[in-house]
>>> print(open('upload_25.cif').read())   # mmCIF, C-alpha atoms
data_input
loop_
_atom_site.label_atom_id
_atom_site.label_comp_id
_atom_site.auth_asym_id
_atom_site.auth_seq_id
_atom_site.Cartn_x
_atom_site.Cartn_y
_atom_site.Cartn_z
CA MET A 1 11.77 205.34 219.85
CA SER A 2 12.55 209.06 219.59
CA LYS A 3 10.85 211.73 221.64
CA GLU A 4 8.92 212.92 218.60
CA ASP A 5 7.70 209.39 217.85
CA LYS A 6 6.57 208.99 221.46
CA HIS A 7 4.67 212.27 221.21
CA ILE A 8 2.91 211.16 218.00
CA SER A 9 2.10 207.77 219.55
CA SER A 10 0.70 209.42 222.68
CA LYS A 11 -1.39 211.77 220.56
CA TRP A 12 -2.93 208.92 218.56
CA ARG A 13 -3.60 206.89 221.71
CA ARG A 14 -5.35 209.89 223.24
CA LYS A 15 -7.47 210.32 220.10
CA ILE A 16 -8.44 206.62 220.08
CA HIS A 17 -9.26 206.84 223.79
CA GLU A 18 -11.46 209.87 223.23
CA VAL A 19 -13.44 208.14 220.46
CA ILE A 20 -13.85 204.74 222.14
CA TYR A 21 -14.33 205.62 225.80
CA GLU A 22 -16.07 209.00 225.79
CA ALA A 23 -19.59 209.68 224.51
CA ASP A 24 -19.61 213.46 225.03
CA THR A 25 -17.85 214.11 221.72
CA PRO A 26 -19.39 213.77 218.22
CA ALA A 27 -16.88 211.05 217.30
CA GLY A 28 -17.58 209.20 220.55
CA LYS A 29 -21.34 209.30 220.01
CA LEU A 30 -20.96 208.11 216.42
CA PHE A 31 -18.74 205.23 217.54
CA ASP A 32 -21.16 204.11 220.28
CA ILE A 33 -24.16 204.31 217.95
CA SER A 34 -22.29 202.29 215.30
CA LEU A 35 -21.32 199.75 217.96
CA LEU A 36 -24.95 199.48 219.03
CA PHE A 37 -26.10 198.68 215.48
CA VAL A 38 -23.37 196.05 215.05
CA ILE A 39 -24.37 194.39 218.34
CA ILE A 40 -28.04 194.31 217.36
CA ILE A 41 -27.20 192.87 213.92
CA SER A 42 -25.03 190.23 215.59
CA LEU A 43 -27.79 189.21 218.00
CA VAL A 44 -30.35 188.99 215.19
CA LEU A 45 -27.99 186.82 213.13
CA VAL A 46 -27.36 184.47 216.07
CA MET A 47 -31.08 184.03 216.74
CA ILE A 48 -32.05 183.59 213.08
CA GLU A 49 -29.20 181.13 212.55
CA SER A 50 -30.65 178.89 215.29
CA VAL A 51 -33.83 178.40 213.19
CA PRO A 52 -33.11 175.04 211.46
CA ASP A 53 -34.44 175.90 207.98
CA LEU A 54 -32.67 179.26 207.73
CA GLY A 55 -29.52 178.09 209.51
CA ASN A 56 -29.00 175.20 207.10
CA LYS A 57 -29.93 177.13 203.96
CA TYR A 58 -27.72 180.18 204.62
CA ALA A 59 -24.98 178.57 206.72
CA ASP A 60 -22.11 180.04 204.67
CA GLU A 61 -23.62 183.55 204.65
CA PHE A 62 -24.14 183.45 208.42
CA LEU A 63 -20.55 182.32 208.97
CA ILE A 64 -19.10 185.07 206.78
CA ALA A 65 -21.22 187.75 208.49
CA GLU A 66 -20.26 186.51 211.95
CA TRP A 67 -16.57 186.51 211.09
CA ILE A 68 -16.83 190.12 209.89
CA ILE A 69 -18.53 191.12 213.13
CA THR A 70 -16.06 189.14 215.25
CA ILE A 71 -13.10 190.80 213.55
CA PHE A 72 -14.72 194.19 214.21
CA PHE A 73 -15.08 193.41 217.91
CA THR A 74 -11.54 192.02 218.04
CA ILE A 75 -10.12 195.25 216.65
CA GLU A 76 -12.27 197.25 219.07
CA TYR A 77 -11.07 195.14 222.03
CA ILE A 78 -7.40 195.62 221.04
CA LEU A 79 -7.86 199.38 220.59
CA ARG A 80 -9.47 199.63 224.04
CA ILE A 81 -6.41 197.93 225.55
CA ILE A 82 -3.72 199.94 223.79
CA SER A 83 -5.42 203.31 224.29
CA ILE A 84 -5.08 203.32 228.11
CA ASN A 85 -1.95 203.44 230.26
CA LYS A 86 -3.00 200.59 232.57
CA PRO A 87 -4.65 197.95 230.35
CA THR A 88 -5.40 195.60 233.28
CA LYS A 89 -7.86 198.17 234.65
CA TYR A 90 -9.99 197.60 231.55
CA ILE A 91 -9.26 193.90 230.97
CA PHE A 92 -10.49 192.89 234.44
CA SER A 93 -13.35 195.39 234.60
CA PHE A 94 -16.99 194.32 234.10
CA TYR A 95 -17.18 195.62 230.54
CA GLY A 96 -13.69 194.31 229.76
CA ILE A 97 -14.74 190.76 230.67
CA ILE A 98 -18.02 191.12 228.72
CA ASP A 99 -16.11 192.42 225.67
CA LEU A 100 -13.76 189.43 225.81
CA LEU A 101 -16.59 186.92 226.25
CA SER A 102 -18.43 188.40 223.28
CA THR A 103 -15.34 188.15 221.06
CA ILE A 104 -13.83 184.71 221.73
CA PRO A 105 -16.75 182.27 221.06
CA LEU A 106 -16.21 182.12 217.30
CA TYR A 107 -12.47 181.58 217.78
CA LEU A 108 -13.24 178.74 220.19
CA THR A 109 -15.17 176.95 217.45
CA PHE A 110 -11.77 176.00 216.02
CA PHE A 111 -11.32 173.80 219.09
CA PHE A 112 -14.89 173.10 220.28
CA SER A 113 -18.24 172.85 218.49
CA GLY A 114 -21.66 174.21 219.44
CA LEU A 115 -20.45 177.43 221.07
CA ASN A 116 -21.98 179.88 218.55
CA ALA A 117 -25.04 180.41 220.75
CA LEU A 118 -22.80 181.89 223.46
CA LEU A 119 -22.50 184.97 221.24
CA ALA A 120 -25.80 186.11 222.80
CA VAL A 121 -23.73 187.41 225.72
CA ARG A 122 -23.20 190.47 223.52
CA SER A 123 -26.62 191.65 224.67
CA LEU A 124 -24.94 192.86 227.87
CA ARG A 125 -22.77 195.21 225.81
CA LEU A 126 -25.93 197.18 224.93
CA LEU A 127 -25.57 198.76 228.37
CA ARG A 128 -23.00 201.09 226.80
CA VAL A 129 -25.72 203.06 225.00
CA PHE A 130 -26.84 204.39 228.40
CA ARG A 131 -23.89 206.80 228.14
CA ILE A 132 -25.27 208.32 224.91
CA LEU A 133 -28.86 208.47 226.03
CA LYS A 134 -27.84 210.08 229.34
CA VAL A 135 -29.75 207.35 231.16
CA THR A 136 -26.85 206.73 233.54
CA ARG A 137 -28.64 208.94 236.06
CA TYR A 138 -31.29 206.20 236.38
CA ILE A 139 -28.90 203.31 237.02
CA GLY A 140 -29.01 204.06 240.75
CA GLU A 141 -32.75 203.34 240.63
CA ALA A 142 -32.36 199.98 238.89
CA ASP A 143 -33.47 198.08 242.00
CA LYS A 144 -36.74 200.00 242.13
CA LEU A 145 -37.29 199.69 238.40
CA SER A 146 -36.78 195.91 238.59
CA LYS A 147 -39.69 195.63 241.05
CA ALA A 148 -42.36 197.74 239.48
CA ILE A 149 -43.17 199.85 236.41
CA ARG A 150 -43.45 203.56 237.04
CA SER A 151 -45.43 205.94 234.89
CA SER A 152 -42.24 207.34 233.46
CA GLY A 153 -40.95 206.65 229.95
CA PRO A 154 -37.20 206.40 230.63
CA LYS A 155 -37.72 204.17 233.67
CA ILE A 156 -40.06 201.86 231.78
CA ALA A 157 -37.46 201.60 229.00
CA VAL A 158 -34.75 200.58 231.49
CA PHE A 159 -37.06 198.00 233.09
CA LEU A 160 -38.05 196.43 229.76
CA PHE A 161 -34.42 196.43 228.65
CA ALA A 162 -33.42 194.48 231.79
CA VAL A 163 -36.19 191.92 231.14
CA LEU A 164 -35.04 191.59 227.51
CA VAL A 165 -31.43 190.94 228.56
CA VAL A 166 -32.51 188.28 231.09
CA SER A 167 -34.77 186.63 228.51
CA ILE A 168 -32.04 186.48 225.86
CA ILE A 169 -29.41 185.06 228.22
CA PHE A 170 -31.66 182.51 229.96
CA GLY A 171 -33.41 181.58 226.71
CA THR A 172 -30.06 180.86 225.08
CA LEU A 173 -28.92 178.80 228.08
CA MET A 174 -32.13 176.75 227.95
CA TYR A 175 -31.59 176.18 224.22
CA LEU A 176 -28.11 174.85 224.97
CA ILE A 177 -29.30 172.67 227.88
CA GLU A 178 -32.52 171.17 226.44
CA GLY A 179 -32.07 171.33 222.67
CA PRO A 180 -34.51 170.45 219.87
CA GLU A 181 -35.22 166.98 221.25
CA HIS A 182 -37.13 168.57 224.16
CA GLY A 183 -38.98 171.20 222.13
CA PHE A 184 -36.42 174.00 222.35
CA ASP A 185 -35.55 173.86 218.65
CA SER A 186 -34.40 177.49 218.22
CA ILE A 187 -33.18 180.43 220.31
CA PRO A 188 -36.24 182.63 219.48
CA LYS A 189 -38.55 179.84 220.69
CA SER A 190 -36.44 179.42 223.85
CA ILE A 191 -36.60 183.18 224.48
CA TYR A 192 -40.38 183.00 224.01
CA TRP A 193 -40.52 180.24 226.65
CA CYS A 194 -38.34 182.32 228.99
CA ILE A 195 -40.60 185.39 228.67
CA VAL A 196 -43.71 183.26 229.26
CA THR A 197 -42.09 181.73 232.36
CA LEU A 198 -40.63 184.99 233.65
CA THR A 199 -44.02 186.71 233.48
CA THR A 200 -45.61 183.72 235.30
CA VAL A 201 -48.03 183.09 232.40
CA GLY A 202 -46.84 179.54 231.81
CA PHE A 203 -48.68 178.32 228.70
CA GLY A 204 -47.11 174.89 229.09
CA ASP A 205 -46.64 174.28 225.37
CA ILE A 206 -42.98 173.42 225.98
CA ALA A 207 -41.22 172.53 229.22
CA PRO A 208 -37.71 171.47 230.26
CA GLU A 209 -37.20 167.77 230.85
CA THR A 210 -33.61 167.57 232.11
CA ALA A 211 -32.71 168.20 235.76
CA LEU A 212 -30.47 171.15 234.88
CA GLY A 213 -33.17 172.65 232.66
CA GLN A 214 -35.76 172.33 235.42
CA LEU A 215 -33.37 173.99 237.88
CA LEU A 216 -32.88 176.91 235.49
CA ALA A 217 -36.67 177.13 234.99
CA THR A 218 -37.11 177.28 238.79
CA ILE A 219 -34.68 180.18 239.03
CA ILE A 220 -36.51 182.03 236.24
CA MET A 221 -39.91 181.50 237.91
CA ILE A 222 -38.65 182.76 241.27
CA LEU A 223 -37.07 185.74 239.53
CA GLY A 224 -40.40 186.41 237.82
CA TYR A 225 -42.23 186.57 241.15
CA GLY A 226 -39.51 188.86 242.47
CA ILE A 227 -40.07 191.27 239.59
CA ILE A 228 -43.86 191.26 239.47
CA ALA A 229 -45.17 190.51 242.97
CA VAL A 230 -43.57 193.41 244.83
CA PRO A 231 -46.00 195.45 246.95
CA THR A 232 -46.71 198.72 245.18
CA GLY A 233 -46.90 200.62 248.46
CA ILE A 234 -43.34 199.69 249.46
CA VAL A 235 -41.98 200.62 246.04
CA SER A 236 -43.78 203.97 246.12
CA ALA A 237 -42.42 204.76 249.57
CA GLU A 238 -38.86 203.87 248.55
CA TYR A 239 -39.15 205.90 245.36
CA THR A 240 -40.43 208.93 247.23
CA GLN A 241 -37.62 208.68 249.77
CA SER A 242 -35.01 208.35 247.04
CA LYS A 243 -36.51 211.28 245.13
CA ASN A 244 -36.37 213.52 248.19
CA LYS A 245 -32.75 212.54 248.76
CA ASP A 246 -31.88 213.38 245.14
CA LYS A 247 -33.48 216.81 245.50
CA THR A 248 -31.36 217.47 248.59
CA LEU A 249 -28.18 216.56 246.70
CA GLU A 250 -29.15 218.71 243.73
CA SER A 251 -29.56 221.71 246.01
CA THR A 252 -25.97 221.34 247.28
CA PRO A 253 -23.76 224.09 245.75
CA ASN A 254 -20.86 221.72 244.98
CA SER A 255 -22.94 219.09 243.22
CA SER A 256 -22.80 218.88 239.42
CA GLN A 257 -23.67 216.55 236.57
CA VAL A 258 -21.27 213.68 235.93
CA ASN A 259 -20.14 212.99 232.38
CA THR A 260 -18.80 210.02 230.41
CA GLN A 261 -15.15 211.10 230.49
CA THR A 262 -12.81 208.20 231.31
CA CYS A 263 -9.28 208.58 232.69
CA GLN A 264 -6.69 207.31 230.22
CA ASN A 265 -4.36 206.35 233.08
CA CYS A 266 -6.51 204.43 235.60
CA HIS A 267 -9.75 203.92 233.61
CA SER A 268 -11.90 205.66 236.24
CA ASN A 269 -15.10 207.36 235.07
CA LYS A 270 -18.06 209.37 236.43
CA HIS A 271 -16.11 212.63 236.54
CA GLN A 272 -17.97 215.87 237.17
CA ASP A 273 -18.42 218.34 234.35
CA GLY A 274 -15.51 220.75 234.19
CA SER A 275 -13.08 218.43 235.98
CA LYS A 276 -9.46 218.88 234.89
CA PHE A 277 -7.97 215.95 236.81
CA CYS A 278 -9.02 212.38 237.57
CA HIS A 279 -10.71 211.99 240.96
CA THR A 280 -8.90 208.66 241.49
CA CYS A 281 -5.29 209.01 240.34
CA GLY A 282 -4.97 212.77 239.71
CA ASN A 283 -3.99 212.32 236.08
CA SER A 284 -4.83 215.22 233.75
CA LEU A 285 -8.04 214.60 231.81
CA ASP A 286 -7.09 217.05 229.07
CA GLU A 287 -3.65 215.76 228.14
#
>>> encode(input="upload_25.cif", output="structure tokens")
Amino acid sequence: MSKEDKHISSKWRRKIHEVIYEADTPAGKLFDISLLFVIIISLVLVMIESVPDLGNKYADEFLIAEWIITIFFTIEYILRIISINKPTKYIFSFYGIIDLLSTIPLYLTFFFSGLNALLAVRSLRLLRVFRILKVTRYIGEADKLSKAIRSSGPKIAVFLFAVLVVSIIFGTLMYLIEGPEHGFDSIPKSIYWCIVTLTTVGFGDIAPETALGQLLATIIMILGYGIIAVPTGIVSAEYTQSKNKDKTLESTPNSSQVNTQTCQNCHSNKHQDGSKFCHTCGNSLDE
């Protein structure tokens, strides 16, 4: 490959990296918003497909739509790998593993059956929209938000989002474990059961009958008490202490807002605004 070809290749890789990994640019925001809509559509299709009447009637349409979405995610996954200098940094990262898990289930159906419901793991990929909404500043308060609801819109949204993710994942697992023969005849109904159990309401209209299902239900119930039954006084004290600490950091002259810029070389993020070089490997962020 000539020097000119290498330059063109590097330029295109940099452009792909900017669009896929960074949300501070118009193209990056558009890509993340488009990705969000595709994920939501995929989740809705998976849940609707689990309803027996609809799943049987529109089986071919669901399969075609899921293949289109899977191919989209496959292309995205490949582009994420080729656009960085050290692909293993992304492949073995949290989001890299989630991206792979959300892409391979449909391919695995060539070898195994009944794995379509695992596509619900894509719900975890919705965490990417936090970069667009600038909610990353609240991630450090996730522990507090998981224990109580504050009278603050963004924090309530994060808390409800976390509950939704847990409900989708555990509801899907219960659907796989128990199945229609024990009353869990669709993923939406299983998610309904999970929300009822997680909030400690417990209507009792359906209940797991297998040992594994009962173990999972026990974990969900304990998790529910951990979320709801946290003393308000302790949470308020921790929140106040954290808030005072944040104010101290904000008053420091060298502190600044972090952005979504990701290093193309080592895949590090959370760089401060105006940074020219990566804080991990020293690679230029503007090349």
>>> atom_distance(input="upload_25.cif", atom1="CA of Ile220 in chain A", atom2="CA of Leu198 in chain A")
5.7 Å
>>> resolve_selection(input="upload_25.cif", expression="the PyMOL selection byres ((chain A and resi 195) around 10)", output="MDAnalysis selection string")
chainID A and resid 163:164 166:168 170:171 189:194 196:202 220 224
>>> atom_distance(input="upload_25.cif", atom1="CA of Cys266 in chain A", atom2="CA of Ile84 in chain A")
7.7 Å
>>> atom_distance(input="upload_25.cif", atom1="CA of Phe94 in chain A", atom2="CA of Ser10 in chain A")
25.9 Å
>>> axis_aligned_box(input="upload_25.cif", around="range 31-43 of chain A", padding_each_side="5 Å", output="JSON")
{"center_x": -23.4, "center_y": 197.2, "center_z": 217.1, "size_x": 19.3, "size_y": 26.0, "size_z": 16.4}
>>> residues_near_point(input="upload_25.cif", point="(-14.5, 203.0, 223.0)", cutoff="10 Å", atoms="only C-alpha atoms", output="number ranges by chain")
A: 16-23, 28-29, 31-32, 35, 76-77, 79-81, 83, 128, 262
>>> resolve_selection(input="upload_25.cif", expression="the PyMOL selection byres ((chain A and resi 43-51) around 7)", output="short mmCIF file (atom, residue, chain, number, x, y, z; two decimals) with C-alpha atoms, in the frame of the given file")
data_model
loop_
_atom_site.label_atom_id
_atom_site.label_comp_id
_atom_site.auth_asym_id
_atom_site.auth_seq_id
_atom_site.Cartn_x
_atom_site.Cartn_y
_atom_site.Cartn_z
CA ILE A 39 -24.37 194.39 218.34
CA ILE A 40 -28.04 194.31 217.36
CA ILE A 41 -27.20 192.87 213.92
CA SER A 42 -25.03 190.23 215.59
CA PRO A 52 -33.11 175.04 211.46
CA ASP A 53 -34.44 175.90 207.98
CA LEU A 54 -32.67 179.26 207.73
CA GLY A 55 -29.52 178.09 209.51
CA PHE A 62 -24.14 183.45 208.42
CA ALA A 117 -25.04 180.41 220.75
CA ALA A 120 -25.80 186.11 222.80
CA SER A 186 -34.40 177.49 218.22
CA ILE A 187 -33.18 180.43 220.31
CA PRO A 188 -36.24 182.63 219.48
#
>>> closest_residue(input="upload_25.cif", among="A:Ile71, A:Ile78, A:Leu176, A:Ile169", to="Tyr107 in chain A", atoms="all atoms listed in the file")
A:Ile71
>>> resolve_selection(input="upload_25.cif", expression="the PyMOL selection byres ((chain A and resi 285) around 12)", output="CSV table (one decimal) with C-alpha atoms, in the frame of the given file")
chain,number,residue,atom,x,y,z
A,14,ARG,CA,-5.4,209.9,223.2
A,17,HIS,CA,-9.3,206.8,223.8
A,18,GLU,CA,-11.5,209.9,223.2
A,22,GLU,CA,-16.1,209.0,225.8
A,260,THR,CA,-18.8,210.0,230.4
A,261,GLN,CA,-15.2,211.1,230.5
A,262,THR,CA,-12.8,208.2,231.3
A,263,CYS,CA,-9.3,208.6,232.7
A,264,GLN,CA,-6.7,207.3,230.2
A,265,ASN,CA,-4.4,206.4,233.1
A,266,CYS,CA,-6.5,204.4,235.6
A,267,HIS,CA,-9.8,203.9,233.6
A,268,SER,CA,-11.9,205.7,236.2
A,269,ASN,CA,-15.1,207.4,235.1
A,271,HIS,CA,-16.1,212.6,236.5
A,272,GLN,CA,-18.0,215.9,237.2
A,273,ASP,CA,-18.4,218.3,234.4
A,274,GLY,CA,-15.5,220.8,234.2
A,275,SER,CA,-13.1,218.4,236.0
A,276,LYS,CA,-9.5,218.9,234.9
A,277,PHE,CA,-8.0,216.0,236.8
A,278,CYS,CA,-9.0,212.4,237.6
A,279,HIS,CA,-10.7,212.0,241.0
A,280,THR,CA,-8.9,208.7,241.5
A,281,CYS,CA,-5.3,209.0,240.3
A,282,GLY,CA,-5.0,212.8,239.7
A,283,ASN,CA,-4.0,212.3,236.1
A,284,SER,CA,-4.8,215.2,233.8
A,286,ASP,CA,-7.1,217.0,229.1
A,287,GLU,CA,-3.6,215.8,228.1
